[in-house]
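**Student:** Okay, so here is input-v7.tsv, and as you'll see once you scroll down, it has TSV, C-alpha atoms.
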chain	number	residue	atom	x	y	z
U	1	MET	CA	5.08	22.16	19.79
U	2	SER	CA	2.30	21.95	17.26
U	3	LYS	CA	0.04	18.95	17.05
U	4	PHE	CA	1.74	17.85	13.87
U	5	GLU	CA	5.19	18.10	15.44
U	6	GLU	CA	4.05	16.02	18.39
U	7	LEU	CA	2.72	13.37	16.06
U	8	ILE	CA	5.98	13.16	14.17
U	9	VAL	CA	8.19	13.15	17.27
U	10	GLU	CA	6.09	10.30	18.57
U	11	GLN	CA	7.14	8.25	15.55
U	12	ILE	CA	10.89	8.91	15.82
U	13	PRO	CA	11.69	5.82	17.94
U	14	ARG	CA	9.99	3.56	15.41
U	15	LEU	CA	11.68	5.24	12.49
U	16	ARG	CA	14.99	4.68	14.24
U	17	ARG	CA	14.23	1.06	14.93
U	18	TYR	CA	13.39	0.43	11.30
U	19	ALA	CA	16.37	2.42	10.02
U	20	ARG	CA	18.74	0.51	12.30
U	21	ALA	CA	17.44	-2.81	11.08
U	22	LEU	CA	17.53	-1.61	7.50
U	23	VAL	CA	21.04	-0.14	7.25
U	24	GLY	CA	22.69	-1.66	10.30
U	25	GLU	CA	25.22	0.91	11.31
U	26	ARG	CA	23.94	3.27	13.97
U	27	ALA	CA	25.34	6.53	12.63
U	28	ARG	CA	24.17	5.82	9.12
U	29	ALA	CA	20.77	4.74	10.37
U	30	ASP	CA	20.36	7.96	12.32
U	31	ASP	CA	21.38	9.92	9.23
U	32	LEU	CA	18.62	8.16	7.38
U	33	VAL	CA	16.14	9.12	10.09
U	34	GLN	CA	17.37	12.71	10.03
U	35	ASP	CA	17.06	12.96	6.25
U	36	THR	CA	13.60	11.42	6.49
U	37	LEU	CA	12.47	13.93	9.09
U	38	GLU	CA	13.80	16.85	7.09
U	39	ARG	CA	12.06	15.64	4.00
U	40	ALA	CA	8.87	15.07	5.94
U	41	TRP	CA	8.91	18.67	7.21
U	42	THR	CA	9.20	20.08	3.75
U	43	ARG	CA	6.43	17.84	2.48
U	44	PHE	CA	4.02	17.65	5.33
U	45	HIS	CA	1.46	19.52	3.24
U	46	LEU	CA	1.29	16.34	1.14
U	47	TRP	CA	0.13	14.36	4.13
U	48	ARG	CA	-3.65	14.15	4.26
U	49	HIS	CA	-4.73	15.07	7.75
U	50	GLY	CA	-6.22	12.14	9.56
U	51	SER	CA	-4.62	9.58	7.26
U	52	ASN	CA	-2.00	7.12	8.42
U	53	LEU	CA	0.95	9.29	9.45
U	54	ARG	CA	3.10	6.33	10.36
U	55	ALA	CA	2.75	4.69	6.96
U	56	TRP	CA	3.37	8.07	5.34
U	57	LEU	CA	6.62	8.54	7.28
U	58	PHE	CA	7.77	5.06	6.34
U	59	THR	CA	7.01	5.94	2.73
U	60	VAL	CA	9.19	9.03	3.01
U	61	MET	CA	11.92	6.95	4.59
U	62	HIS	CA	11.67	4.33	1.88
U	63	ASN	CA	12.14	6.98	-0.80
U	64	VAL	CA	15.12	8.52	0.96
U	65	PHE	CA	16.59	5.06	1.44
U	66	VAL	CA	16.18	4.08	-2.19
U	67	ASN	CA	17.60	7.35	-3.47
U	68	GLN	CA	20.47	7.84	-1.08
U	69	TYR	CA	21.28	4.82	1.00
U	70	ARG	CA	20.97	1.80	-1.14
U	71	ASN	CA	24.16	-0.14	-1.77
U	72	GLY	CA	23.65	-0.71	-5.44
U	73	ASP	CA	21.78	-3.62	-6.96
U	74	ARG	CA	23.92	-6.30	-5.44
U	75	GLY	CA	22.80	-5.48	-1.94
U	76	ARG	CA	25.30	-5.19	0.84
U	77	THR	CA	28.98	-5.73	0.48
U	78	SER	CA	30.83	-7.77	3.04
U	79	SER	CA	32.68	-4.76	4.38
U	80	LEU	CA	29.35	-3.20	5.29
U	81	ASP	CA	28.27	-6.32	7.09
U	82	GLU	CA	30.96	-5.70	9.62
U	83	ASN	CA	29.41	-2.36	10.42
U	84	PHE	CA	26.10	-3.93	11.23
U	85	GLU	CA	25.59	-2.93	14.83
U	86	ILE	CA	23.59	-4.94	17.25
U	87	PRO	CA	21.42	-2.95	19.63
U	88	MET	CA	21.72	-4.37	23.11
U	89	ARG	CA	19.83	-4.19	26.31
U	90	ASP	CA	22.13	-3.14	29.15
U	91	GLY	CA	24.41	-5.86	30.34
U	92	SER	CA	23.09	-8.48	27.98
U	93	GLU	CA	25.39	-10.64	25.96
U	94	VAL	CA	25.10	-10.93	22.26
U	95	SER	CA	24.15	-14.48	21.57
U	96	MET	CA	25.45	-16.40	18.63
U	97	GLN	CA	21.94	-16.52	17.34
U	98	MET	CA	21.67	-12.75	17.42
U	99	ARG	CA	24.94	-12.40	15.59
U	100	ASP	CA	23.72	-14.87	12.98
U	101	LEU	CA	20.54	-12.89	12.59
U	102	HIS	CA	22.42	-9.66	11.93
U	103	ASN	CA	24.81	-11.25	9.51
U	104	SER	CA	22.02	-12.94	7.64
U	105	LEU	CA	19.87	-9.83	7.57
U	106	ALA	CA	22.78	-7.88	6.14
U	107	GLN	CA	23.04	-10.37	3.31
U	108	LEU	CA	19.41	-10.11	2.28
U	109	PRO	CA	18.73	-7.96	-0.77
U	110	ASP	CA	17.39	-4.52	0.21
U	111	ASP	CA	13.94	-5.28	-1.24
U	112	PHE	CA	13.60	-8.37	0.90
U	113	ARG	CA	14.92	-6.74	4.03
U	114	GLU	CA	12.44	-3.90	3.71
U	115	VAL	CA	9.43	-6.19	3.46
U	116	ILE	CA	10.47	-8.59	6.19
U	117	LEU	CA	11.13	-5.71	8.59
U	118	LEU	CA	8.02	-3.68	7.83
U	119	VAL	CA	5.87	-6.74	8.38
U	120	GLY	CA	7.81	-8.48	11.13
U	121	VAL	CA	9.21	-5.64	13.20
U	122	GLU	CA	7.03	-2.66	12.39
U	123	GLN	CA	3.86	-4.74	12.25
U	124	LEU	CA	2.52	-2.93	9.23
U	125	THR	CA	-0.39	-4.59	7.45
U	126	TYR	CA	0.33	-6.01	3.99
U	127	GLU	CA	-1.75	-3.20	2.50
U	128	GLU	CA	0.33	-0.59	4.31
U	129	VAL	CA	3.54	-2.22	3.09
U	130	SER	CA	2.19	-2.16	-0.44
U	131	GLU	CA	1.52	1.57	-0.06
U	132	VAL	CA	4.87	2.34	1.58
U	133	LEU	CA	6.94	0.50	-1.00
U	134	ASN	CA	4.61	1.42	-3.84
U	135	ILE	CA	4.33	-2.16	-5.06
U	136	PRO	CA	1.26	-4.35	-5.65
U	137	LEU	CA	-0.04	-6.48	-2.81
U	138	GLY	CA	0.91	-9.63	-4.69
U	139	THR	CA	4.51	-8.46	-4.88
U	140	VAL	CA	4.49	-7.77	-1.14
U	141	MET	CA	3.39	-11.35	-0.51
U	142	SER	CA	5.87	-12.94	-2.87
U	143	ARG	CA	8.74	-10.84	-1.51
U	144	LEU	CA	7.74	-11.64	2.05
U	145	SER	CA	7.67	-15.32	1.26
U	146	ARG	CA	11.03	-15.29	-0.49
U	147	ALA	CA	12.58	-13.05	2.16
U	148	ARG	CA	11.56	-15.33	5.00
U	149	GLU	CA	12.73	-18.37	3.15
U	150	LYS	CA	16.05	-16.76	2.30
U	151	LEU	CA	16.59	-15.53	5.84
U	152	HIS	CA	15.95	-19.02	7.08
U	153	VAL	CA	18.45	-20.48	4.64
U	154	LEU	CA	21.07	-17.89	5.55
U	155	MET	CA	20.59	-18.41	9.24
U	156	SER	CA	20.68	-22.16	9.18
U	157	GLY	CA	23.51	-22.22	6.70
U	158	GLN	CA	21.47	-24.60	4.60
U	159	VAL	CA	21.81	-24.81	0.90
U	160	LYS	CA	18.50	-26.52	0.46
U	161	PRO	CA	15.55	-24.12	0.71
U	162	LEU	CA	12.34	-25.00	2.45
U	163	ARG	CA	9.89	-26.84	0.31
U	164	ARG	CA	7.07	-24.54	-0.52
U	165	ILE	CA	3.48	-25.56	-0.60
U	166	LYS	CA	1.34	-24.44	-3.45
T	167	MET	CA	-13.39	-29.58	6.59
T	168	THR	CA	-15.04	-28.21	3.51
T	169	ASN	CA	-12.49	-27.13	0.95
T	170	VAL	CA	-13.68	-23.61	0.24
T	171	HIS	CA	-10.18	-22.36	-0.61
T	172	PRO	CA	-7.06	-24.46	-0.49
T	173	VAL	CA	-4.49	-23.19	1.99
T	174	THR	CA	-1.72	-21.30	0.22
T	175	GLU	CA	1.71	-20.01	1.04
T	176	ASN	CA	0.16	-16.56	1.56
T	177	ASP	CA	-2.20	-18.02	4.14
T	178	LEU	CA	0.73	-19.34	6.14
T	179	HIS	CA	2.32	-15.89	6.27
T	180	ALA	CA	-0.96	-14.22	7.11
T	181	TYR	CA	-1.40	-16.84	9.83
T	182	VAL	CA	2.03	-16.03	11.29
T	183	ASP	CA	1.27	-12.31	11.07
T	184	GLN	CA	-2.21	-12.75	12.53
T	185	ARG	CA	-3.91	-11.14	9.58
T	186	LEU	CA	-6.54	-13.81	8.99
T	187	ASP	CA	-10.15	-13.53	9.99
T	188	PRO	CA	-11.17	-16.03	12.66
T	189	ALA	CA	-12.84	-18.44	10.22
T	190	ARG	CA	-9.83	-18.62	7.94
T	191	HIS	CA	-7.51	-18.80	10.92
T	192	ALA	CA	-9.32	-21.92	12.11
T	193	GLN	CA	-9.12	-23.47	8.65
T	194	VAL	CA	-5.37	-22.88	8.45
T	195	GLU	CA	-4.92	-24.25	11.94
T	196	ALA	CA	-6.68	-27.46	10.95
T	197	TYR	CA	-4.52	-27.66	7.84
T	198	LEU	CA	-1.33	-27.27	9.90
T	199	ALA	CA	-2.39	-30.06	12.21
T	200	ALA	CA	-2.53	-32.36	9.21
T	201	HIS	CA	0.59	-31.06	7.44
T	202	PRO	CA	3.72	-31.16	9.63
T	203	GLU	CA	5.92	-29.60	6.95
T	204	ALA	CA	3.75	-26.50	6.74
T	205	ALA	CA	3.58	-26.43	10.53
T	206	THR	CA	7.39	-26.40	10.69
T	207	GLN	CA	7.48	-23.56	8.21
T	208	VAL	CA	5.10	-21.57	10.39
T	209	LEU	CA	7.22	-22.25	13.46
T	210	ILE	CA	10.33	-21.04	11.67
T	211	TYR	CA	8.68	-17.82	10.53
T	212	ARG	CA	7.33	-17.18	14.01
T	213	GLU	CA	10.75	-17.64	15.47
T	214	GLN	CA	12.21	-15.24	12.92
T	215	LYS	CA	9.70	-12.61	13.92
T	216	THR	CA	10.45	-13.03	17.58
T	217	LEU	CA	14.18	-12.82	16.93
T	218	LEU	CA	13.79	-9.68	14.87
T	219	ARG	CA	11.69	-8.00	17.53
T	220	ASN	CA	14.16	-8.98	20.23
T	221	ALA	CA	17.01	-7.69	18.13
T	222	PHE	CA	15.61	-4.27	17.32
T	223	ASP	CA	13.06	-3.38	19.97
T	224	PRO	CA	15.83	-2.09	22.26
T	225	VAL	CA	16.24	0.81	19.81
T	226	LEU	CA	12.82	2.08	20.90
T	227	ALA	CA	14.19	2.71	24.37
T	228	GLU	CA	17.24	4.67	23.22
T	229	PRO	CA	17.11	8.39	23.94
T	230	ILE	CA	16.39	10.45	20.82
T	231	PRO	CA	19.55	12.27	19.69
T	232	LYS	CA	19.23	16.03	20.16
T	233	HIS	CA	20.12	16.80	16.58
T	234	MET	CA	16.95	15.08	15.41
T	235	LEU	CA	14.85	17.44	17.46
T	236	LYS	CA	16.97	20.37	16.30
T	237	ALA	CA	16.46	19.43	12.69
T	238	ARG	CA	12.80	19.52	13.46
T	239	SER	CA	12.77	23.06	14.83
T	240	ARG	CA	15.05	24.32	12.07
T	241	ARG	CA	12.74	22.97	9.44
T	242	TRP	CA	9.77	24.31	11.22
T	243	GLY	CA	10.92	27.85	10.45
T	244	ARG	CA	11.09	27.12	6.79
T	245	PRO	CA	7.66	27.96	5.43
T	246	GLN	CA	8.08	31.43	6.92
T	247	LEU	CA	11.43	31.80	5.19
T	248	LEU	CA	9.93	30.77	1.93
T	249	ALA	CA	7.27	33.39	2.44
T	250	VAL	CA	9.99	36.00	3.03
T	251	ALA	CA	11.79	34.87	-0.08
T	252	ALA	CA	8.58	35.01	-2.05
T	253	SER	CA	7.66	38.46	-0.88
T	254	LEU	CA	11.04	40.02	-1.37
T	255	THR	CA	11.34	38.74	-4.88
T	256	MET	CA	7.73	39.30	-5.81
T	257	GLY	CA	8.52	42.43	-7.74
T	258	VAL	CA	11.14	40.87	-9.96
T	259	SER	CA	9.94	37.33	-10.16
T	260	ILE	CA	6.61	37.58	-11.89
T	261	GLY	CA	8.16	37.29	-15.32
T	262	TRP	CA	9.92	34.14	-14.21
T	263	TRP	CA	6.78	32.38	-13.12
T	264	VAL	CA	4.61	33.48	-15.98
T	265	HIS	CA	6.75	33.14	-19.06
T	266	GLY	CA	7.71	29.51	-19.04
T	267	GLU	CA	9.52	29.64	-22.32
T	268	THR	CA	11.68	32.60	-21.43
T	269	ALA	CA	12.29	31.06	-18.07
T	270	LEU	CA	13.56	27.89	-19.68
T	271	LYS	CA	16.01	29.76	-21.85
T	272	LYS	CA	17.21	31.79	-18.94
T	273	ASN	CA	17.48	28.69	-16.85
T	274	ALA	CA	19.97	27.33	-19.33
T	275	LEU	CA	22.11	30.42	-19.15
T	276	LEU	CA	21.97	30.42	-15.37
T	277	VAL	CA	23.22	26.88	-15.01
T	278	SER	CA	26.83	27.77	-14.69
T	279	LEU	CA	26.40	30.94	-12.65
T	280	PRO	CA	26.17	29.33	-9.20
T	281	MET	CA	28.99	26.97	-10.09
T	282	GLN	CA	31.30	29.77	-11.21
T	283	ALA	CA	30.44	31.88	-8.19
T	284	THR	CA	30.90	29.14	-5.61
T	285	VAL	CA	34.17	27.95	-7.09
T	286	ALA	CA	35.51	31.51	-6.96
T	287	HIS	CA	34.16	31.76	-3.43
T	288	ALA	CA	35.87	28.58	-2.30
T	289	VAL	CA	39.18	29.53	-3.92
T	290	TYR	CA	39.49	33.05	-2.56
T	291	THR	CA	37.79	33.00	0.83
T	292	THR	CA	40.29	30.42	2.01
T	293	GLU	CA	43.20	32.49	0.75
T	294	VAL	CA	45.24	33.80	3.65
T	295	LEU	CA	47.74	36.14	2.00
T	296	HIS	CA	45.75	37.57	-0.89
T	297	PRO	CA	42.02	37.06	-0.45
T	298	VAL	CA	41.40	40.22	-2.48
T	299	GLU	CA	43.26	41.90	-5.29
T	300	VAL	CA	42.35	45.41	-4.19
T	301	GLY	CA	41.41	46.14	-0.59
T	302	ALA	CA	38.44	48.11	0.73
T	303	ASP	CA	40.84	50.91	1.65
T	304	GLN	CA	40.99	51.63	-2.09
T	305	GLN	CA	37.30	51.12	-2.71
T	306	ASP	CA	36.94	53.92	-5.24
T	307	HIS	CA	39.77	52.56	-7.29
T	308	LEU	CA	38.43	49.01	-7.01
T	309	VAL	CA	34.94	49.91	-8.17
T	310	LYS	CA	36.16	52.14	-11.02
T	311	TRP	CA	38.56	49.49	-12.22
T	312	LEU	CA	35.99	46.67	-12.17
T	313	SER	CA	33.35	48.91	-13.77
T	314	LYS	CA	35.73	49.63	-16.57
T	315	ARG	CA	36.62	46.00	-17.14
T	316	LEU	CA	33.00	44.82	-17.07
T	317	ASN	CA	31.98	47.84	-19.12
T	318	LYS	CA	29.17	48.58	-16.69
T	319	PRO	CA	28.96	51.08	-13.84
T	320	LEU	CA	29.24	48.89	-10.74
T	321	HIS	CA	28.70	49.59	-7.11
T	322	ALA	CA	29.84	47.58	-4.09
T	323	PRO	CA	26.70	47.12	-1.98
T	324	VAL	CA	26.86	48.39	1.58
T	325	LEU	CA	25.99	45.50	3.87
T	326	GLN	CA	26.76	46.95	7.26
T	327	HIS	CA	23.19	46.52	8.45
T	328	ALA	CA	23.47	42.83	7.71
T	329	GLY	CA	26.73	42.70	9.68
T	330	TYR	CA	29.19	42.55	6.79
T	331	GLN	CA	32.00	44.92	5.83
T	332	LEU	CA	33.56	45.13	2.41
T	333	GLU	CA	36.99	43.57	2.44
T	334	GLY	CA	37.87	44.19	-1.20
T	335	GLY	CA	37.46	42.60	-4.57
T	336	ARG	CA	39.06	41.10	-7.63
T	337	LEU	CA	38.69	40.59	-11.34
T	338	LEU	CA	37.87	37.06	-12.52
T	339	PRO	CA	37.35	35.29	-15.81
T	340	GLY	CA	33.63	34.78	-16.47
T	341	ASN	CA	31.82	32.72	-19.08
T	342	SER	CA	32.50	34.95	-22.04
T	343	GLY	CA	34.24	37.90	-20.50
T	344	PRO	CA	35.35	39.40	-17.23
T	345	ALA	CA	33.55	38.90	-13.93
T	346	ALA	CA	33.97	40.65	-10.60
T	347	GLN	CA	34.02	39.43	-7.04
T	348	PHE	CA	33.41	41.58	-3.99
T	349	MET	CA	34.40	40.02	-0.71
T	350	TYR	CA	32.78	40.81	2.63
T	351	ARG	CA	33.43	39.65	6.14
T	352	ASP	CA	31.64	39.87	9.45
T	353	SER	CA	33.15	40.59	12.88
T	354	ALA	CA	33.88	36.90	13.37
T	355	GLY	CA	35.84	36.72	10.12
T	356	GLN	CA	33.14	34.81	8.22
T	357	ARG	CA	33.34	35.66	4.53
T	358	LEU	CA	30.72	36.14	1.86
T	359	THR	CA	31.36	36.87	-1.77
T	360	LEU	CA	29.25	38.63	-4.35
T	361	TYR	CA	29.98	37.51	-7.88
T	362	LEU	CA	28.87	39.69	-10.78
T	363	ARG	CA	29.01	39.41	-14.49
T	364	LYS	CA	27.04	40.38	-17.55
T	365	ALA	CA	23.94	38.29	-18.09
T	366	LEU	CA	24.40	36.36	-21.27
T	367	ALA	CA	21.10	36.71	-23.10
T	368	GLU	CA	17.77	38.45	-22.73
T	369	ASN	CA	17.17	41.29	-20.34
T	370	SER	CA	14.31	40.32	-18.14
T	371	ASP	CA	14.38	39.80	-14.43
T	372	THR	CA	14.34	36.56	-12.51
T	373	ALA	CA	13.64	35.48	-9.00
T	374	PHE	CA	16.22	34.59	-6.44
T	375	ARG	CA	17.36	31.07	-7.00
T	376	TYR	CA	19.11	28.98	-4.41
T	377	ALA	CA	21.71	26.29	-4.89
T	378	ARG	CA	24.27	24.48	-2.86
T	379	GLU	CA	27.50	23.66	-4.62
T	380	SER	CA	30.29	21.74	-2.88
T	381	GLY	CA	29.15	22.79	0.55
T	382	VAL	CA	28.71	26.47	-0.32
T	383	SER	CA	25.27	28.09	-0.30
T	384	VAL	CA	24.50	30.51	-3.08
T	385	PHE	CA	21.60	32.78	-3.99
T	386	TYR	CA	21.73	33.99	-7.56
T	387	TRP	CA	19.59	36.10	-9.79
T	388	VAL	CA	19.57	38.15	-12.98
T	389	ASP	CA	18.57	41.78	-12.90
T	390	GLY	CA	18.56	43.64	-16.17
T	391	ASP	CA	21.76	42.83	-18.02
T	392	MET	CA	23.65	41.71	-14.94
T	393	ALA	CA	23.85	38.36	-13.21
T	394	TYR	CA	24.59	38.19	-9.49
T	395	ALA	CA	25.47	35.40	-7.10
T	396	LEU	CA	25.98	35.71	-3.36
T	397	SER	CA	27.90	32.79	-1.86
T	398	GLY	CA	28.68	31.86	1.71
T	399	ASP	CA	29.32	28.97	4.05
T	400	ILE	CA	26.36	30.02	6.17
T	401	ALA	CA	22.82	28.77	6.60
T	402	ARG	CA	20.44	29.39	3.77
T	403	GLU	CA	18.16	31.61	5.84
T	404	LYS	CA	21.03	33.86	6.95
T	405	LEU	CA	22.34	34.10	3.43
T	406	LEU	CA	18.88	35.02	2.22
T	407	ILE	CA	18.79	38.00	4.57
T	408	VAL	CA	22.08	39.27	3.14
T	409	ALA	CA	20.97	38.53	-0.43
T	410	ASP	CA	17.94	40.68	0.26
T	411	ALA	CA	20.20	43.49	1.52
T	412	VAL	CA	22.35	43.20	-1.61
T	413	TYR	CA	19.33	43.30	-3.85
T	414	ARG	CA	17.87	46.34	-2.11
T	415	ASP	CA	21.18	48.14	-2.20
T	416	LEU	CA	21.58	47.52	-5.91
T	417	MET	CA	18.06	48.85	-6.56
T	418	LYS	CA	19.08	52.26	-5.21
Spell out the structure here as structure tokens.

**Tutor:**
Amino acid sequence: MSKFEELIVEQIPRLRRYARALVGERARADDLVQDTLERAWTRFHLWRHGSNLRAWLFTVMHNVFVNQYRNGDRGRTSSLDENFEIPMRDGSEVSMQMRDLHNSLAQLPDDFREVILLVGVEQLTYEEVSEVLNIPLGTVMSRLSRAREKLHVLMSGQVKPLRRIK
Amino acid sequence: MTNVHPVTENDLHAYVDQRLDPARHAQVEAYLAAHPEAATQVLIYREQKTLLRNAFDPVLAEPIPKHMLKARSRRWGRPQLLAVAASLTMGVSIGWWVHGETALKKNALLVSLPMQATVAHAVYTTEVLHPVEVGADQQDHLVKWLSKRLNKPLHAPVLQHAGYQLEGGRLLPGNSGPAAQFMYRDSAGQRLTLYLRKALAENSDTAFRYARESGVSVFYWVDGDMAYALSGDIAREKLLIVADAVYRDLMK
């Protein structure tokens, strides 16, 4: 295995984690990873050696997602929500809270879900997220803020959003 | 505390995500102590993060599906294949790369070639009773007949070295006249078809072009006044090897 291959393979578990959280269904998520890897292989010459490979791979995945996996402008449909699969540790029960989280996540618009996951799960810096999604830093922050607020509302079943400080 | 910058919504997120420098972190902390509503907000966001991590971290421990690693090795071979493709078409492709304008015109005329060829491929390779109109046992007759109808001396390429035997051929309707299809099969019964018709406009040569139409791979090119398309339900790299054999045979 070449050095570059090793580097990419190293990132596969994270790409899968993000894809699973992004599209929900396991098979579809793995398809997204597969398509991302294939695209990365054909474009690896575009990756500047020594630069952030992880952010680059997430960028590739974002582009594949937007072009091929997005469920239109309205976000997810309810039938897709049912396909949202919950990864489980062996023998653990799925708590109500976890189920709520998945349902709520599935209802977030794609743009929001991407930001909240890249920041919260993948621990990317705001600058990296801005690069991956190709949006200004200010947009990252406003999407993050709205995404977290919306997720909170969805999860608590509240109609009233959190009051925001200025 | 001295109010250098008021604490903003962004600060709260950066606080939750631990992206603040120590000085700012301390300022936000002091602010939260005095503002319970903001402190609640921070707690909620922290809890969200924890939940998300708990929900999806188990994926990290899942074994990587084999096909992902396979995809990797398959792709790894690709630059070499492209090099092969480049070298084998070098002789005929220069005009394509250099003369943009001509290439554009030709591109337009080539648009329907892969479509026509793959549709014909899909229709006749799945035919059980009559995959060909005239069988390879009457090859002379087949070639003479098609040559006459296309008004061009044709030749059915010999592809034995690539593992394919001629099975026969048929006459088809082309864009603006007749087209011909030669069908080949390998020892496992896998079929390939070579579709030929007159090129529609200018007579310069083009490179191999690749397309995938409705699940069928096709390499197509124009050589002189003829257009060719080789279709098959096989991997691109395998098809390229046969396309090369076809091209070389036709050069003879």

**Student:** Quick one: which residues from chain T are at most 9 Å off chain U, using all atoms listed in the file, as JSON, numbers by chain?

**Tutor:** {"T": [172, 173, 174, 175, 176, 179, 180, 183, 185, 203, 204, 207, 210, 211, 214, 215, 216, 217, 218, 219, 220, 221, 222, 223, 224, 225, 226, 227, 228, 229, 230, 231, 233, 234, 235, 237, 238, 241, 242, 244, 245]}

**Student:** So that I can see what lies close to Leu396 (chain T), please list as a PyMOL selection string the residues with an atom at most 9 Å from it, counting all atoms listed in the file and leaving out residues fewer than 5 positions away in the same chain.

**Tutor:** chain T and resi 280+283-284+358-362+383-386+405+408-409+412

**Student:** Would you save the residues of that selection, restricted to C-alpha atoms, as a PDB file, in the coordinates of the input?

**Tutor:**
ATOM      1  CA  PRO T 280      26.170  29.330  -9.200  1.00  0.00           C
ATOM      2  CA  ALA T 283      30.440  31.880  -8.190  1.00  0.00           C
ATOM      3  CA  THR T 284      30.900  29.140  -5.610  1.00  0.00           C
ATOM      4  CA  LEU T 358      30.720  36.140   1.860  1.00  0.00           C
ATOM      5  CA  THR T 359      31.360  36.870  -1.770  1.00  0.00           C
ATOM      6  CA  LEU T 360      29.250  38.630  -4.350  1.00  0.00           C
ATOM      7  CA  TYR T 361      29.980  37.510  -7.880  1.00  0.00           C
ATOM      8  CA  LEU T 362      28.870  39.690 -10.780  1.00  0.00           C
ATOM      9  CA  SER T 383      25.270  28.090  -0.300  1.00  0.00           C
ATOM     10  CA  VAL T 384      24.500  30.510  -3.080  1.00  0.00           C
ATOM     11  CA  PHE T 385      21.600  32.780  -3.990  1.00  0.00           C
ATOM     12  CA  TYR T 386      21.730  33.990  -7.560  1.00  0.00           C
ATOM     13  CA  LEU T 405      22.340  34.100   3.430  1.00  0.00           C
ATOM     14  CA  VAL T 408      22.080  39.270   3.140  1.00  0.00           C
ATOM     15  CA  ALA T 409      20.970  38.530  -0.430  1.00  0.00           C
ATOM     16  CA  VAL T 412      22.350  43.200  -1.610  1.00  0.00           C
TER      17      VAL T 412
END

**Student:** Mind pulling up the distance from CA of Met349 (chain T) to CA of Gly301 (chain T)?

**Tutor:**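 CA of Met349 (chain T) lies at a distance of 9.3 Å from CA of Gly301 (chain T).
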
**Student:** Excluding Val324 (chain T) and any residue of its chain fewer than 5 positions from it, enumerate the residues within 10 Å of it, using all atoms listed in the file, and give them as an NGL selection string.

**Tutor:** :T and (329-332 or 350 or 411-412 or 414-416)

**Student:** Would you output that residue set with C-alpha atoms, as a PDB file, in the frame of the given file?

**Tutor:**
ATOM      1  CA  GLY T 329      26.730  42.700   9.680  1.00  0.00           C
ATOM      2  CA  TYR T 330      29.190  42.550   6.790  1.00  0.00           C
ATOM      3  CA  GLN T 331      32.000  44.920   5.830  1.00  0.00           C
ATOM      4  CA  LEU T 332      33.560  45.130   2.410  1.00  0.00           C
ATOM      5  CA  TYR T 350      32.780  40.810   2.630  1.00  0.00           C
ATOM      6  CA  ALA T 411      20.200  43.490   1.520  1.00  0.00           C
ATOM      7  CA  VAL T 412      22.350  43.200  -1.610  1.00  0.00           C
ATOM      8  CA  ARG T 414      17.870  46.340  -2.110  1.00  0.00           C
ATOM      9  CA  ASP T 415      21.180  48.140  -2.200  1.00  0.00           C
ATOM     10  CA  LEU T 416      21.580  47.520  -5.910  1.00  0.00           C
TER      11      LEU T 416
END

**Student:** Please, what distance in Å, to one decimal, runs between CA of His62 (chain U) and CA of Thr36 (chain U)?

**Tutor:**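 Computed distance, CA of His62 (chain U) to CA of Thr36 (chain U), equals 8.7 Å.
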
**Student:** Please compute the CA of Glu403 (chain T)-CA of Val289 (chain T) distance, one decimal, in Å.

**Tutor:**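 Going from CA of Glu403 (chain T) over to CA of Val289 (chain T), I get 23.3 Å.
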
**Student:** Which residues are close to Asn317 (chain T), i.e. within 12 Å by all atoms listed in the file, leaving aside same-chain residues fewer than 5 positions away? Reply as a PyMOL selection string.

**Tutor:** chain T and resi 309-312+343-346+363-364+391-392

**Student:** Go ahead and save the picked residues with C-alpha atoms, as a PDB file, keeping the file's coordinate frame.

**Tutor:**
ATOM      1  CA  VAL T 309      34.940  49.910  -8.170  1.00  0.00           C
ATOM      2  CA  LYS T 310      36.160  52.140 -11.020  1.00  0.00           C
ATOM      3  CA  TRP T 311      38.560  49.490 -12.220  1.00  0.00           C
ATOM      4  CA  LEU T 312      35.990  46.670 -12.170  1.00  0.00           C
ATOM      5  CA  GLY T 343      34.240  37.900 -20.500  1.00  0.00           C
ATOM      6  CA  PRO T 344      35.350  39.400 -17.230  1.00  0.00           C
ATOM      7  CA  ALA T 345      33.550  38.900 -13.930  1.00  0.00           C
ATOM      8  CA  ALA T 346      33.970  40.650 -10.600  1.00  0.00           C
ATOM      9  CA  ARG T 363      29.010  39.410 -14.490  1.00  0.00           C
ATOM     10  CA  LYS T 364      27.040  40.380 -17.550  1.00  0.00           C
ATOM     11  CA  ASP T 391      21.760  42.830 -18.020  1.00  0.00           C
ATOM     12  CA  MET T 392      23.650  41.710 -14.940  1.00  0.00           C
TER      13      MET T 392
END

**Student:** T:Ala365, T:Tyr376, T:Gln356, T:Gln326: which is nearest Ile400 (chain T), counting only C-alpha atoms?

**Tutor:** T:Gln356
